[in-house]
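Before any comments, here is the structure.
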Amino acid sequence: MTTFSIVSNDAAVLAALGQLRGRMDDMSPALKEIGEDLTAIVKQTFSTSTSPWGEKWVPNAEATIQAHLGRFSSSYSKKTGQLTATGAQRIQNKKPLIGETRALSTNIYPDVEGNVLTIGSTMKYAAIQNLGGMAGRGKKVRIPARPFMPISESGNIAPVAQQAILEVLNGYLNQP
């Protein structure tokens, strides 16, 4: 699994985790539940092409669209070189980060070891797609950030993720 480490700096989440740690030696049940919730949030970002903070992702570059269409060019272009209606529809429906196999959007997994929750992807390009940066041979291609993880590189938690985490933690804290 490809992972990049991000640690939350959210005061409310850290306080609730501290309280729970004081009550439970094994926090793995709560962390597993949080992991499932956060994984669902991540997968939702792919269906909406929107970050967990509600920001629309940068659209695909023209080169990406052409490469995507090029794989099927004989099926989607006329002899004149113009796109067929099906080809035009294919371009219009092409979402950022969603390839033919949907590998990145479907290979997000939570993992709990002890009192540590990790959410990662089996895809080696996950971090560059989430954070953006230079990639390719010679690092000449700029990949725009399309955040799908609900915790930023600086440790900020998206409100939807914070709410999900706190609901789980409060559920455990309110148990007798």
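Identifiers for the structure tokens are assigned positionally: chains receive A, B, ... in sequence, residues are indexed from 1 per chain, and ligands are indexed from 1 in the order shown.
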
Exercise for the section: DSSP on the backbone, then: every residue of stretch 12-65 of chain A marked helix (DSSP H, G or I), written as JSON, numbers by chain. Expected result: {"A": [12, 13, 14, 15, 16, 17, 18, 19, 20, 21, 22, 23, 28, 29, 30, 31, 32, 33, 34, 35, 36, 37, 38, 39, 40, 41, 42, 43, 44, 45, 46, 47, 48, 62, 63, 64, 65]}

For A:Ala145, please output as a short mmCIF file (atom, residue, chain, number, x, y, z; two decimals) with C-alpha atoms, in the first residue's frame all residues within 9 Å (counting only C-alpha atoms; exclusion window: fewer than 5 positions along the same chain).
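Wrote selection_15.cif, looks like this:
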```cif
data_model
loop_
_atom_site.label_atom_id
_atom_site.label_comp_id
_atom_site.auth_asym_id
_atom_site.auth_seq_id
_atom_site.Cartn_x
_atom_site.Cartn_y
_atom_site.Cartn_z
CA TRP A 57 -11.11 19.43 -8.88
CA VAL A 58 -9.10 20.94 -11.72
CA ILE A 128 1.00 12.87 -6.44
CA GLN A 129 -2.65 12.92 -7.50
CA ASN A 130 -3.82 14.06 -4.04
CA LEU A 131 -1.06 16.60 -3.36
CA GLY A 132 -0.03 17.60 -6.87
CA GLY A 133 3.53 18.18 -8.01
#
```

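Take atom CA of A:Asn60 and atom CA of A:Arg142: the distance between them is 12.1 Å.
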
Exercise for the section: May I ask which of the residues A:Gly120, A:Gly18, A:Pro176, A:Gly136 is the closest one to A:Leu38, counting only C-alpha atoms? Expected result: A:Gly120

Exercise for the section: Identify, on the basis of only C-alpha atoms, every residue whose closest approach to stretch 146-150 of chain A does not exceed 10 Å; exclude the query and any residue fewer than 4 positions from it along the same chain; express the result as a PyMOL selection string. Expected result: chain A and resi 6+38-39+41-46+49-53+55-59+96-97+105+108+119-120+126-132+155-162

Go ahead and write the selection's residues with N, CA and C atoms as a compact mmCIF listing (two decimals), in the first residue's frame.
```txt
# COMPACT_ATOMS: atom_id res chain seq x y z
N ILE A 6 0.19 11.90 7.23
CA ILE A 6 -0.38 13.18 7.62
C ILE A 6 -0.95 12.97 9.02
N LEU A 38 -14.07 7.37 6.94
CA LEU A 38 -13.18 8.21 6.14
C LEU A 38 -12.98 7.63 4.74
N THR A 39 -12.92 6.32 4.64
CA THR A 39 -12.80 5.68 3.33
C THR A 39 -14.04 5.98 2.48
N ILE A 41 -15.87 8.65 2.72
CA ILE A 41 -15.74 10.07 2.33
C ILE A 41 -14.80 10.19 1.14
N VAL A 42 -13.67 9.49 1.19
CA VAL A 42 -12.70 9.53 0.09
C VAL A 42 -13.35 9.04 -1.20
N LYS A 43 -14.03 7.93 -1.14
CA LYS A 43 -14.65 7.38 -2.34
C LYS A 43 -15.72 8.32 -2.90
N GLN A 44 -16.40 9.06 -2.04
CA GLN A 44 -17.40 10.04 -2.49
C GLN A 44 -16.75 11.15 -3.31
N THR A 45 -15.53 11.54 -2.95
CA THR A 45 -14.87 12.62 -3.69
C THR A 45 -14.70 12.27 -5.16
N PHE A 46 -14.46 11.00 -5.43
CA PHE A 46 -14.28 10.58 -6.82
C PHE A 46 -15.58 10.66 -7.61
N SER A 49 -16.00 14.55 -8.11
CA SER A 49 -14.83 15.32 -8.58
C SER A 49 -14.64 16.57 -7.73
N THR A 50 -14.85 16.42 -6.43
CA THR A 50 -14.79 17.53 -5.49
C THR A 50 -13.99 17.09 -4.27
N SER A 51 -13.14 17.99 -3.77
CA SER A 51 -12.36 17.67 -2.58
C SER A 51 -13.28 17.51 -1.37
N PRO A 52 -12.78 16.90 -0.29
CA PRO A 52 -13.60 16.80 0.92
C PRO A 52 -13.96 18.16 1.51
N TRP A 53 -13.30 19.22 1.05
CA TRP A 53 -13.61 20.58 1.50
C TRP A 53 -14.63 21.25 0.59
N GLU A 55 -14.29 21.78 -2.79
CA GLU A 55 -13.70 22.49 -3.94
C GLU A 55 -13.67 21.56 -5.14
N LYS A 56 -14.16 22.05 -6.29
CA LYS A 56 -14.14 21.25 -7.51
C LYS A 56 -12.69 20.99 -7.92
N TRP A 57 -12.44 19.78 -8.40
CA TRP A 57 -11.11 19.43 -8.88
C TRP A 57 -10.81 20.14 -10.20
N VAL A 58 -9.55 20.38 -10.45
CA VAL A 58 -9.10 20.94 -11.72
C VAL A 58 -9.51 19.96 -12.83
N PRO A 59 -10.10 20.47 -13.91
CA PRO A 59 -10.51 19.56 -14.99
C PRO A 59 -9.28 18.88 -15.62
N PRO A 96 -11.87 13.81 -13.81
CA PRO A 96 -10.48 13.74 -13.35
C PRO A 96 -10.28 12.57 -12.40
N LEU A 97 -9.13 11.93 -12.50
CA LEU A 97 -8.69 10.82 -11.65
C LEU A 97 -9.48 9.53 -11.86
N SER A 105 -9.80 5.20 -7.50
CA SER A 105 -11.02 5.46 -6.74
C SER A 105 -11.53 4.23 -5.99
N ILE A 108 -8.79 2.32 -2.08
CA ILE A 108 -8.53 3.11 -0.88
C ILE A 108 -8.93 2.23 0.29
N ILE A 119 -4.95 5.36 6.36
CA ILE A 119 -5.78 5.21 5.17
C ILE A 119 -4.85 5.43 4.00
N GLY A 120 -4.84 4.49 3.09
CA GLY A 120 -3.92 4.58 1.97
C GLY A 120 -4.51 3.93 0.73
N ALA A 126 -0.97 7.61 -5.98
CA ALA A 126 -2.01 8.24 -5.17
C ALA A 126 -1.56 9.58 -4.57
N ALA A 127 -0.38 9.62 -4.00
CA ALA A 127 0.09 10.84 -3.33
C ALA A 127 0.23 12.00 -4.31
N ILE A 128 0.81 11.77 -5.48
CA ILE A 128 1.00 12.87 -6.44
C ILE A 128 -0.35 13.37 -6.94
N GLN A 129 -1.33 12.49 -7.06
CA GLN A 129 -2.65 12.92 -7.50
C GLN A 129 -3.35 13.74 -6.41
N ASN A 130 -3.19 13.35 -5.16
CA ASN A 130 -3.82 14.06 -4.04
C ASN A 130 -3.14 15.40 -3.77
N LEU A 131 -1.82 15.40 -3.75
CA LEU A 131 -1.06 16.60 -3.36
C LEU A 131 -0.63 17.47 -4.53
N GLY A 132 -0.55 16.88 -5.72
CA GLY A 132 -0.03 17.60 -6.87
C GLY A 132 1.49 17.64 -6.84
N GLY A 155 -2.38 18.95 8.10
CA GLY A 155 -3.04 18.33 9.24
C GLY A 155 -4.45 18.81 9.49
N ASN A 156 -4.98 19.67 8.64
CA ASN A 156 -6.35 20.14 8.80
C ASN A 156 -7.32 19.06 8.33
N ILE A 157 -8.40 18.90 9.06
CA ILE A 157 -9.41 17.90 8.73
C ILE A 157 -10.59 18.60 8.06
N ALA A 158 -11.05 18.01 6.95
CA ALA A 158 -12.24 18.54 6.28
C ALA A 158 -13.42 18.46 7.25
N PRO A 159 -14.30 19.47 7.25
CA PRO A 159 -15.44 19.46 8.18
C PRO A 159 -16.26 18.17 8.15
N VAL A 160 -16.52 17.63 6.97
CA VAL A 160 -17.30 16.40 6.88
C VAL A 160 -16.58 15.24 7.57
N ALA A 161 -15.27 15.20 7.48
CA ALA A 161 -14.48 14.16 8.14
C ALA A 161 -14.42 14.39 9.64
N GLN A 162 -14.26 15.64 10.04
CA GLN A 162 -14.22 15.95 11.47
C GLN A 162 -15.53 15.52 12.13
```
